[in-house]
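One file, work_1.txt, is given below (compact mmCIF, C-alpha atoms).
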# COMPACT_ATOMS: atom_id res chain seq x y z
CA MET O 1 11.31 6.07 -11.99
CA SER O 2 10.13 4.90 -15.38
CA ASN O 3 7.16 3.13 -16.82
CA ASN O 4 9.40 0.12 -17.37
CA THR O 5 9.88 -0.05 -13.63
CA VAL O 6 6.15 -0.39 -13.19
CA SER O 7 6.31 -3.39 -15.47
CA ARG O 8 9.07 -5.02 -13.47
CA ARG O 9 7.05 -4.64 -10.25
CA ILE O 10 4.10 -6.28 -11.99
CA LEU O 11 6.51 -9.00 -13.09
CA LEU O 12 7.16 -9.80 -9.46
CA GLY O 13 3.89 -11.71 -9.68
CA GLY O 14 4.60 -13.21 -13.09
CA LEU O 15 7.97 -14.95 -13.10
CA THR O 16 7.86 -18.72 -13.18
CA ALA O 17 7.71 -20.55 -9.91
CA ALA O 18 10.18 -23.05 -11.32
CA GLY O 19 12.71 -20.27 -11.74
CA ALA O 20 12.24 -19.14 -8.16
CA ALA O 21 12.48 -22.65 -6.81
CA GLY O 22 15.54 -23.38 -8.88
CA LEU O 23 17.24 -20.28 -7.59
CA VAL O 24 16.80 -21.31 -3.99
CA GLY O 25 18.21 -24.69 -4.87
CA CYS O 26 21.40 -23.37 -6.44
CA SER O 27 24.54 -24.52 -4.77
CA GLY O 28 27.23 -22.07 -3.83
CA ASN O 29 29.41 -21.01 -0.96
CA GLY O 30 26.44 -21.69 1.26
CA SER O 31 27.84 -23.74 4.09
CA GLY O 32 27.79 -22.47 7.63
CA GLY O 33 26.09 -19.32 8.89
CA PRO O 34 25.91 -15.93 7.18
CA ALA O 35 29.39 -14.66 6.42
CA ALA O 36 30.36 -11.10 7.28
CA ALA O 37 32.11 -9.25 4.50
CA PRO O 38 35.55 -8.01 5.48
CA ALA O 39 35.40 -4.30 6.20
CA PRO O 40 37.64 -2.22 3.91
CA THR O 41 41.01 -1.35 5.38
CA GLY O 42 41.95 1.25 2.78
CA THR O 43 45.02 -0.70 1.76
CA GLU O 44 44.10 -4.34 1.11
CA LEU O 45 42.34 -5.09 -2.18
CA VAL O 46 40.27 -8.26 -2.40
CA GLY O 47 39.67 -9.48 -5.93
CA LYS O 48 40.14 -7.86 -9.30
CA THR O 49 39.98 -4.11 -9.78
CA ASN O 50 37.84 -4.12 -12.92
CA LEU O 51 34.24 -4.28 -11.73
CA GLU O 52 31.26 -5.52 -13.73
CA ILE O 53 27.96 -4.11 -12.50
CA TYR O 54 24.61 -5.62 -13.47
CA ALA O 55 21.17 -3.99 -13.41
CA TRP O 56 17.95 -4.39 -15.32
CA THR O 57 17.07 -1.78 -17.91
CA ASN O 58 14.74 0.97 -16.68
CA GLY O 59 14.39 2.90 -19.92
CA PRO O 60 16.61 5.52 -21.60
CA THR O 61 16.61 8.16 -18.87
CA ILE O 62 17.58 5.99 -15.90
CA ASP O 63 19.92 3.78 -17.92
CA ALA O 64 21.75 6.91 -19.06
CA ASN O 65 22.00 8.12 -15.47
CA PHE O 66 23.42 4.76 -14.39
CA ARG O 67 26.09 5.05 -17.11
CA LYS O 68 26.84 8.60 -15.97
CA ARG O 69 27.18 7.33 -12.41
CA VAL O 70 29.65 4.64 -13.42
CA ALA O 71 31.68 7.24 -15.34
CA LEU O 72 31.81 9.42 -12.21
CA PHE O 73 32.86 6.42 -10.11
CA ASN O 74 35.67 5.66 -12.54
CA LYS O 75 36.83 9.27 -12.32
CA GLU O 76 36.64 9.23 -8.52
CA PHE O 77 38.65 6.00 -8.30
CA THR O 78 41.08 6.56 -11.16
CA GLY O 79 44.05 4.26 -10.84
CA LYS O 80 42.27 2.03 -8.32
CA TYR O 81 39.08 0.64 -9.87
CA THR O 82 37.44 0.58 -13.27
CA ALA O 83 33.76 -0.26 -13.57
CA LYS O 84 31.36 -0.93 -16.40
CA ILE O 85 27.62 -1.52 -16.22
CA ASN O 86 25.58 -4.13 -18.06
CA PHE O 87 21.80 -4.05 -18.53
CA LEU O 88 19.38 -6.89 -19.11
CA PRO O 89 15.57 -6.92 -19.49
CA TYR O 90 13.99 -7.56 -16.11
CA ASP O 91 12.71 -11.07 -16.87
CA GLN O 92 16.07 -12.15 -18.33
CA TYR O 93 17.98 -10.47 -15.50
CA TRP O 94 16.93 -12.85 -12.74
CA GLN O 95 17.33 -15.89 -14.95
CA LYS O 96 20.91 -14.78 -15.66
CA VAL O 97 21.60 -14.18 -11.96
CA GLN O 98 20.41 -17.70 -11.25
CA LEU O 99 22.55 -19.24 -13.99
CA GLN O 100 25.66 -17.41 -12.78
CA TYR O 101 25.15 -18.65 -9.23
CA ALA O 102 24.62 -22.19 -10.48
CA ALA O 103 27.90 -21.99 -12.40
CA LYS O 104 29.64 -20.67 -9.26
CA LYS O 105 30.54 -17.53 -11.21
CA PRO O 106 28.11 -14.93 -9.80
CA PHE O 107 28.06 -11.34 -10.92
CA ASP O 108 30.54 -9.06 -9.14
CA ILE O 109 27.62 -6.91 -7.93
CA TYR O 110 23.98 -6.65 -8.96
CA TYR O 111 20.92 -4.55 -8.30
CA TRP O 112 18.52 -5.66 -5.59
CA ASP O 113 14.94 -6.75 -5.85
CA VAL O 114 12.87 -9.09 -3.71
CA GLN O 115 14.08 -12.18 -5.59
CA ALA O 116 17.50 -11.68 -4.00
CA TYR O 117 16.05 -12.64 -0.63
CA ALA O 118 16.31 -16.25 -1.81
CA HIS O 119 20.05 -15.67 -2.26
CA TYR O 120 20.33 -14.61 1.35
CA LYS O 121 18.40 -17.69 2.43
CA LYS O 122 20.87 -19.88 0.55
CA ASN O 123 23.76 -17.98 2.20
CA LEU O 124 25.10 -16.81 -1.17
CA VAL O 125 25.59 -13.14 -0.24
CA PHE O 126 27.76 -11.33 2.24
CA ASN O 127 26.64 -9.67 5.43
CA GLU O 128 27.61 -6.11 4.52
CA GLN O 129 27.00 -4.59 7.96
CA PRO O 130 30.73 -4.36 8.83
CA VAL O 131 31.26 -2.32 5.67
CA ILE O 132 28.19 -0.13 6.22
CA ASP O 133 29.33 0.51 9.80
CA THR O 134 32.37 2.35 8.41
CA THR O 135 30.13 4.88 6.60
CA PRO O 136 27.73 7.69 7.60
CA MET O 137 24.85 5.38 6.64
CA VAL O 138 24.48 4.31 10.29
CA ASP O 139 23.92 7.90 11.48
CA ALA O 140 20.19 8.22 12.20
CA ASN O 141 20.42 11.99 11.76
CA ALA O 142 21.81 11.60 8.26
CA TYR O 143 19.88 8.56 6.99
CA PRO O 144 16.42 7.07 7.68
CA THR O 145 18.01 4.12 9.45
CA LYS O 146 14.70 2.74 10.82
CA LEU O 147 13.67 2.01 7.23
CA TYR O 148 16.58 -0.46 7.00
CA ASP O 149 14.94 -2.79 9.50
CA PRO O 150 13.05 -5.02 7.01
CA TRP O 151 16.36 -5.61 5.22
CA LYS O 152 18.02 -6.84 8.42
CA PHE O 153 17.05 -10.38 7.59
CA ASP O 154 18.74 -11.89 10.64
CA GLY O 155 17.39 -9.11 12.85
CA LYS O 156 20.73 -7.31 13.13
CA ASN O 157 22.63 -6.98 9.86
CA LEU O 158 22.15 -5.65 6.34
CA PHE O 159 22.89 -8.16 3.60
CA CYS O 160 22.76 -5.61 0.81
CA VAL O 161 23.71 -1.93 0.59
CA PRO O 162 20.69 0.40 0.27
CA GLU O 163 21.06 3.60 -1.72
CA ASN O 164 17.62 4.91 -2.72
CA ILE O 165 14.00 4.83 -1.69
CA GLN O 166 10.75 4.73 -3.62
CA SER O 167 7.12 5.07 -2.56
CA MET O 168 3.61 5.70 -3.91
CA ALA O 169 1.64 8.89 -4.39
CA MET O 170 -1.41 10.28 -6.15
CA PHE O 171 -0.43 11.89 -9.45
CA TYR O 172 -2.89 14.30 -11.04
CA ASN O 173 -3.20 16.36 -14.21
CA LYS O 174 -3.38 20.01 -13.19
CA SER O 175 -4.55 21.07 -16.65
CA HIS O 176 -7.60 18.81 -16.36
CA PHE O 177 -8.44 20.16 -12.90
CA ASP O 178 -7.99 23.76 -14.05
CA ALA O 179 -10.28 23.27 -17.04
CA ALA O 180 -12.95 21.73 -14.78
CA GLY O 181 -12.56 24.43 -12.12
CA LEU O 182 -11.78 21.86 -9.41
CA ASP O 183 -9.49 22.06 -6.39
CA TYR O 184 -6.31 19.98 -6.58
CA PRO O 185 -5.81 16.85 -4.46
CA ASP O 186 -3.80 17.37 -1.28
CA GLU O 187 -3.03 15.60 1.98
CA THR O 188 -6.63 16.04 3.16
CA TRP O 189 -8.13 14.05 0.29
CA THR O 190 -9.84 10.73 0.88
CA TRP O 191 -10.60 7.99 -1.62
CA ASP O 192 -14.25 8.97 -1.27
CA LYS O 193 -13.26 12.44 -2.52
CA VAL O 194 -11.49 10.80 -5.46
CA ILE O 195 -14.64 8.83 -6.30
CA GLU O 196 -16.74 12.01 -6.05
CA THR O 197 -14.36 14.02 -8.26
CA ALA O 198 -13.47 11.50 -10.98
CA PRO O 199 -16.78 11.72 -12.92
CA LYS O 200 -16.38 15.51 -13.12
CA LEU O 201 -13.10 15.00 -14.99
CA GLN O 202 -14.27 12.22 -17.29
CA LYS O 203 -14.88 12.96 -20.98
CA THR O 204 -16.83 10.92 -23.50
CA THR O 205 -17.52 10.90 -27.20
CA GLY O 206 -20.84 9.20 -27.73
CA SER O 207 -20.74 6.11 -25.55
CA LYS O 208 -16.93 5.93 -25.54
CA VAL O 209 -14.88 7.33 -22.69
CA THR O 210 -12.02 9.34 -24.13
CA ARG O 211 -10.61 10.48 -20.80
CA TRP O 212 -11.03 8.82 -17.41
CA GLY O 213 -11.11 10.84 -14.23
CA VAL O 214 -9.09 8.19 -12.38
CA ASP O 215 -7.21 4.98 -13.07
CA ILE O 216 -6.49 2.45 -10.34
CA GLY O 217 -2.80 2.46 -11.27
CA SER O 218 -0.77 0.51 -8.73
CA LEU O 219 -3.92 -0.40 -6.82
CA GLY O 220 -4.13 -3.04 -9.52
CA ILE O 221 -1.09 -4.79 -8.04
CA TRP O 222 -1.15 -6.75 -4.79
CA TRP O 223 1.13 -4.37 -2.93
CA GLY O 224 -1.06 -1.42 -3.87
CA ILE O 225 -4.19 -3.05 -2.49
CA GLN O 226 -2.23 -4.09 0.60
CA ALA O 227 -1.59 -0.39 1.30
CA LEU O 228 -5.36 0.05 1.64
CA SER O 229 -5.49 -2.82 4.10
CA TRP O 230 -2.75 -1.14 6.14
CA ALA O 231 -4.80 2.04 6.26
CA ALA O 232 -7.72 -0.05 7.52
CA GLY O 233 -5.57 -1.44 10.32
CA THR O 234 -4.62 -4.87 9.00
CA SER O 235 -2.34 -6.46 6.36
CA PHE O 236 -2.03 -9.45 4.06
CA VAL O 237 0.43 -11.21 6.39
CA ASP O 238 1.17 -11.08 10.09
CA LYS O 239 4.68 -9.72 9.40
CA PRO O 240 6.59 -8.91 6.19
CA LEU O 241 9.78 -10.77 7.11
CA GLU O 242 9.20 -14.53 7.27
CA PRO O 243 5.44 -14.35 7.87
CA THR O 244 3.87 -17.17 9.82
CA LYS O 245 0.33 -16.71 8.53
CA PHE O 246 -1.71 -15.02 5.82
CA GLN O 247 -4.66 -12.79 6.66
CA MET O 248 -6.38 -12.58 3.28
CA THR O 249 -9.80 -13.44 4.70
CA ASP O 250 -9.67 -10.66 7.29
CA PRO O 251 -12.88 -8.67 6.60
CA LYS O 252 -10.83 -5.47 6.27
CA VAL O 253 -8.61 -7.08 3.60
CA VAL O 254 -11.70 -8.31 1.76
CA GLU O 255 -13.21 -4.85 1.90
CA SER O 256 -10.06 -3.26 0.45
CA MET O 257 -10.24 -5.67 -2.48
CA ARG O 258 -13.92 -4.87 -2.96
CA PHE O 259 -13.13 -1.15 -2.95
CA VAL O 260 -10.75 -1.47 -5.90
CA GLN O 261 -13.00 -3.87 -7.80
CA ASP O 262 -15.98 -1.52 -7.34
CA MET O 263 -14.06 1.45 -8.76
CA MET O 264 -13.89 -0.39 -12.07
CA TRP O 265 -17.14 -2.36 -12.05
CA SER O 266 -20.09 -1.31 -9.92
CA LYS O 267 -19.11 2.39 -9.89
CA HIS O 268 -17.19 2.25 -13.19
CA ILE O 269 -15.39 5.51 -12.54
CA ALA O 270 -12.08 3.88 -13.50
CA PRO O 271 -11.37 1.84 -16.64
CA ARG O 272 -11.79 -1.91 -16.44
CA PRO O 273 -8.83 -4.16 -17.37
CA ASP O 274 -9.80 -4.42 -21.05
CA GLU O 275 -10.39 -0.67 -21.18
CA ARG O 276 -7.06 -0.01 -19.47
CA ALA O 277 -5.31 -2.18 -22.03
CA GLY O 278 -6.96 -0.22 -24.84
CA VAL O 279 -5.93 3.11 -23.35
CA ALA O 280 -2.33 1.95 -22.90
CA GLN O 281 -2.19 0.72 -26.48
CA ASN O 282 -3.78 3.81 -28.01
CA ASN O 283 -2.50 6.76 -26.03
CA GLY O 284 -0.22 5.70 -23.22
CA GLY O 285 -2.13 6.41 -20.01
CA PHE O 286 -1.51 9.21 -17.52
CA ALA O 287 1.50 10.69 -19.31
CA SER O 288 -0.61 11.24 -22.43
CA GLY O 289 -3.55 12.77 -20.58
CA ALA O 290 -5.81 9.71 -20.79
CA TYR O 291 -6.30 9.74 -16.99
CA SER O 292 -6.70 12.73 -14.71
CA MET O 293 -5.57 10.92 -11.54
CA ILE O 294 -3.57 7.78 -10.87
CA ALA O 295 -2.12 6.19 -7.73
CA ASP O 296 1.32 5.06 -8.77
CA GLY O 297 4.99 4.68 -7.88
CA THR O 298 7.38 7.60 -7.51
CA TRP O 299 9.67 5.88 -10.01
CA ASN O 300 7.34 7.30 -12.68
CA ILE O 301 8.35 10.89 -11.97
CA ALA O 302 11.12 10.91 -14.58
CA SER O 303 8.84 9.70 -17.37
CA PHE O 304 5.98 12.01 -16.35
CA GLN O 305 8.36 14.97 -16.73
CA GLN O 306 7.89 14.59 -20.49
CA MET O 307 4.15 15.41 -20.25
CA LYS O 308 2.75 18.33 -22.20
CA ASP O 309 0.10 19.04 -19.57
CA LYS O 310 0.84 20.52 -16.17
CA TRP O 311 0.82 17.87 -13.48
CA ALA O 312 1.61 17.41 -9.81
CA MET O 313 1.44 14.87 -7.00
CA ALA O 314 -0.04 14.51 -3.53
CA PRO O 315 0.14 11.97 -0.71
CA LEU O 316 -1.96 8.85 -1.18
CA PRO O 317 -5.60 9.64 -0.33
CA LYS O 318 -6.90 8.48 3.01
CA TYR O 319 -8.77 5.20 3.20
CA GLN O 320 -10.98 4.67 6.24
CA GLY O 321 -9.36 7.69 7.85
CA ASN O 322 -5.71 6.80 7.25
CA SER O 323 -3.05 6.90 4.56
CA VAL O 324 -0.15 4.46 4.76
CA ALA O 325 2.20 4.37 1.79
CA PRO O 326 4.46 1.47 0.89
CA TYR O 327 8.18 2.02 0.42
CA TRP O 328 10.94 0.08 -1.26
CA LEU O 329 14.68 0.34 -0.86
CA GLY O 330 16.92 0.07 -3.88
CA GLY O 331 20.52 -1.03 -3.52
CA TRP O 332 23.27 -3.48 -4.28
CA VAL O 333 23.85 -7.16 -3.62
CA ILE O 334 27.41 -8.49 -3.38
CA PRO O 335 27.84 -12.28 -3.65
CA ARG O 336 30.21 -14.09 -1.33
CA GLN O 337 31.98 -15.34 -4.45
CA SER O 338 32.26 -11.91 -6.05
CA ALA O 339 35.45 -11.75 -8.11
CA ALA O 340 35.82 -8.03 -7.33
CA LEU O 341 34.84 -7.71 -3.67
CA SER O 342 36.69 -4.53 -2.74
CA ALA O 343 35.65 -2.75 -5.92
CA ALA O 344 32.03 -3.84 -5.44
CA GLN O 345 31.96 -2.58 -1.85
CA ALA O 346 33.53 0.69 -2.94
CA PHE O 347 30.91 1.23 -5.64
CA ALA O 348 27.97 0.32 -3.38
CA THR O 349 29.02 2.49 -0.45
CA TRP O 350 30.08 5.39 -2.70
CA SER O 351 26.65 5.25 -4.38
CA ALA O 352 24.99 5.38 -0.96
CA THR O 353 27.11 8.24 0.42
CA LYS O 354 29.23 10.56 -1.72
CA PHE O 355 27.13 10.11 -4.86
CA GLN O 356 23.82 10.97 -3.13
CA PRO O 357 23.86 14.74 -3.93
CA GLN O 358 24.41 13.92 -7.60
CA MET O 359 21.55 11.43 -7.50
CA ALA O 360 19.38 14.30 -6.26
CA LYS O 361 20.48 16.54 -9.12
CA ASP O 362 19.87 13.86 -11.72
CA HIS O 363 16.37 13.01 -10.42
CA ASP O 364 16.70 9.39 -11.47
CA TRP O 365 16.10 7.77 -8.07
CA ILE O 366 15.12 9.33 -4.75
CA PRO O 367 18.25 9.48 -2.56
CA LEU O 368 18.39 7.63 0.73
CA GLN O 369 20.52 10.31 2.40
CA ASN O 370 18.26 12.81 4.16
CA ALA O 371 20.19 15.92 3.15
CA ALA O 372 20.25 14.93 -0.51
CA ARG O 373 16.60 13.90 -0.57
CA GLN O 374 15.51 17.16 1.05
CA SER O 375 17.95 19.40 -0.84
CA GLN O 376 17.03 22.22 -3.17
CA ASP O 377 18.72 20.29 -5.96
CA MET O 378 16.24 17.48 -5.36
CA LEU O 379 13.22 19.73 -5.04
CA LYS O 380 14.14 21.92 -8.00
CA GLY O 381 12.28 20.70 -11.04
CA MET O 382 10.29 18.13 -9.09
CA PRO O 383 6.51 18.27 -9.31
CA GLU O 384 4.44 20.28 -6.89
CA GLY O 385 3.53 18.09 -3.94
CA PHE O 386 6.69 15.99 -4.01
CA GLU O 387 7.89 17.26 -0.65
CA ALA O 388 4.47 16.65 0.96
CA ALA O 389 4.27 13.14 -0.48
CA MET O 390 7.73 12.31 0.87
CA LYS O 391 7.14 13.87 4.29
CA ASP O 392 5.57 10.81 5.84
CA LEU O 393 8.16 8.25 4.78
CA SER O 394 8.82 7.58 8.44
CA ASN O 395 5.30 6.13 8.66
CA ALA O 396 5.56 4.10 5.45
CA ARG O 397 5.71 0.30 5.48
CA ILE O 398 7.89 -2.01 3.42
CA GLY O 399 6.05 -2.97 0.24
CA ASP O 400 7.46 -6.48 -0.10
CA ILE O 401 7.05 -9.79 1.68
CA TYR O 402 10.18 -11.83 2.39
CA THR O 403 10.10 -15.59 2.55
CA ALA O 404 12.06 -18.08 0.48
CA ASN O 405 9.17 -19.18 -1.73
CA MET O 406 7.29 -15.87 -1.84
CA GLN O 407 8.01 -15.64 -5.57
CA GLN O 408 5.98 -18.80 -6.08
CA ILE O 409 3.15 -17.29 -4.04
CA PHE O 410 3.30 -14.09 -6.09
CA ASN O 411 3.07 -16.11 -9.29
CA GLU O 412 0.74 -18.98 -8.52
CA VAL O 413 -1.54 -17.36 -5.95
CA TYR O 414 -1.54 -13.57 -5.99
CA GLY O 415 -1.04 -13.05 -9.71
CA LYS O 416 -3.79 -15.41 -10.82
CA ASN O 417 -6.41 -14.54 -8.23
CA PHE O 418 -5.93 -10.79 -8.23
CA ASP O 419 -6.27 -10.91 -12.01
CA LEU O 420 -9.59 -12.74 -11.65
CA LEU O 421 -10.69 -10.26 -8.98
CA LEU O 422 -9.90 -7.21 -11.11
CA ASN O 423 -11.64 -8.79 -14.11
CA ASN O 424 -14.76 -9.29 -11.95
CA LYS O 425 -14.56 -13.06 -12.31
CA LEU O 426 -14.20 -13.66 -8.57
CA THR O 427 -15.93 -11.97 -5.69
CA PRO O 428 -13.61 -10.43 -3.10
CA GLU O 429 -14.68 -13.12 -0.62
CA ASP O 430 -13.90 -15.96 -3.04
CA ALA O 431 -10.62 -14.41 -4.13
CA ALA O 432 -9.58 -13.93 -0.50
CA GLN O 433 -10.43 -17.51 0.43
CA LYS O 434 -8.60 -18.97 -2.57
CA MET O 435 -5.51 -16.91 -1.79
CA GLN O 436 -5.69 -17.70 1.91
CA ASP O 437 -5.86 -21.46 1.31
CA ALA O 438 -3.27 -21.68 -1.46
CA ALA O 439 -0.76 -19.27 0.08
CA THR O 440 -0.97 -20.95 3.48
CA LYS O 441 -0.11 -24.32 1.91
CA LEU O 442 2.92 -22.84 0.15
CA LEU O 443 4.03 -21.01 3.28
CA GLY O 444 4.02 -24.24 5.23

Starting from the file, lay out its structure as structure tokens.
Amino acid sequence: MSNNTVSRRILLGGLTAAGAAGLVGCSGNGSGGPAAAPAPTGTELVGKTNLEIYAWTNGPTIDANFRKRVALFNKEFTGKYTAKINFLPYDQYWQKVQLQYAAKKPFDIYYWDVQAYAHYKKNLVFNEQPVIDTTPMVDANAYPTKLYDPWKFDGKNLFCVPENIQSMAMFYNKSHFDAAGLDYPDETWTWDKVIETAPKLQKTTGSKVTRWGVDIGSLGIWWGIQALSWAAGTSFVDKPLEPTKFQMTDPKVVESMRFVQDMMWSKHIAPRPDERAGVAQNNGGFASGAYSMIADGTWNIASFQQMKDKWAMAPLPKYQGNSVAPYWLGGWVIPRQSAALSAAQAFATWSATKFQPQMAKDHDWIPLQNAARQSQDMLKGMPEGFEAAMKDLSNARIGDIYTANMQQIFNEVYGKNFDLLLNNKLTPEDAAQKMQDAATKLLG
């Protein structure tokens, strides 16, 4: 939940297509169908006992919590396993994963993101369902098991071990609202209400805006705009797992793109891209008080805790009568050629089960386990509105699209054309048509 995590989600549209294509082409233990990982017996150890864990850096707070977690794991499994964690910058991380697979020396275990779907497609990772079946993770009363479905890439089995969940919300500066004498956002708010309220919070010096009432935040990324299309009753693709067609020219998709573009240009209640860049460079955005409202990821909660102003959060405002938030699962990928299979499975399942209450106390990620996520330890110290924003997770939709060359589509199609759209260099209709045509060719 850090600002660096926002950057890595933006990077999902910016990594080179060559890197993505090369990853899919890596050779490995990829013959035959998906292999099921052997379920732990409690006695047999497969592989070495010293485990090397890899993740990308998420900033000081979360990195420190990861190190604390590994220390707790080592204490829990004293005499059986010893783990250490290694961090890489996000862009270098996936390049390194690719190189290790190509050398047939993959990491023992590494942190999931959508790029790892290509590893599943190449049959480089284990089916971890037999292992997960031995844990409470399959209890629908204890875990939100329906949210696993998009990760069941073959329709039945999990090929990575989920441990946390993230979503989107509306964050707002309570101090700004108090000074203006305005009511706080809540679950009844619509985007029209946001547009009506933002000018009342804006401050200027001469002709220069010194504080914006709203920033588009994650609506400036494809998956943020897609959430508006969901609320309107459509989506960018016909299905998130192996889509068969794009729906970018659907009038409701086009209208959602126009809505975001208009906030910055025709209405100009939110900063335009060059103005956003200036704000980020000069005073840091929402955390510094430069924006009064922002739609953004829950991974930012930890960094927002450092704010001097009072702040809170609310569910995403309604768009065309509905609010549908995206969600993402975080978890662990274990290669079929992992040199520390038993240790890796122990760490992944321990993180997803016994460690969950500690995750709640640390407030680094949002725990997957229902009891931990809804516990007083989790709610204590969290911003007002957190519980309300998390209440509708059961209605959330997966915020990623899974197909082998989706990374190329993110980079060559979405990244370029959404950038032109947000910079007012393409109309929503033209942007939609360009994305529809180019993405369809790559999908085929």

Discussion item. Could you list, as a list in words, every residue within 12 Å of Tyr93 (chain O), counting all atoms listed in the file and ignoring same-chain residues fewer than 3 positions away?
Written reply: Arg8, Leu11, Leu15, Gly19, Tyr54, Ala55, Trp56, Thr57, Asn58, Asn86, Phe87, Leu88, Pro89, Tyr90, Lys96, Val97, Gln98, Leu99, Gln100, Phe107, Tyr110, Tyr111, Trp112, Asp113, Gln115 and Ala116 of chain O

Worksheet item: Using only C-alpha atoms, which residue out of O:Ala314, O:Ile53, O:Ala438, O:Ala325 lies closest to Ile294 (chain O)?
Response: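 Smallest distance to Ile294 (chain O) is found for O:Ala314.
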
Item to complete: Counting only C-alpha atoms, figure out which residue out of O:Asp377, O:Asp154, O:Glu387, O:Glu44 gets nearest to Glu187 (chain O).
Response: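 Checking each candidate against Glu187 (chain O), we get O:Glu387 as the closest.
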
Discussion item. The residues within 8 Å of (34.0, -6.9, -2.1), using only C-alpha atoms and the coordinates of the file, should be reported as number ranges by chain; which are they?
Written reply: O: 37-38, 46-47, 334, 338-346

Discussion item. Ranking O:Leu421, O:Ala140, O:Met359, O:Ala352 by minimum distance to Trp265 (chain O) and counting only C-alpha atoms, which one comes first?
Written reply: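 Closest candidate: O:Leu421.
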
Worksheet item: What does the distance from CA of Asp392 (chain O) to CA of Leu147 (chain O) come to in Å, to one decimal?
Response: 12.0 Å

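Between CA of Tyr120 (chain O) and CA of Asp139 (chain O) the interatomic distance comes to 24.9 Å.
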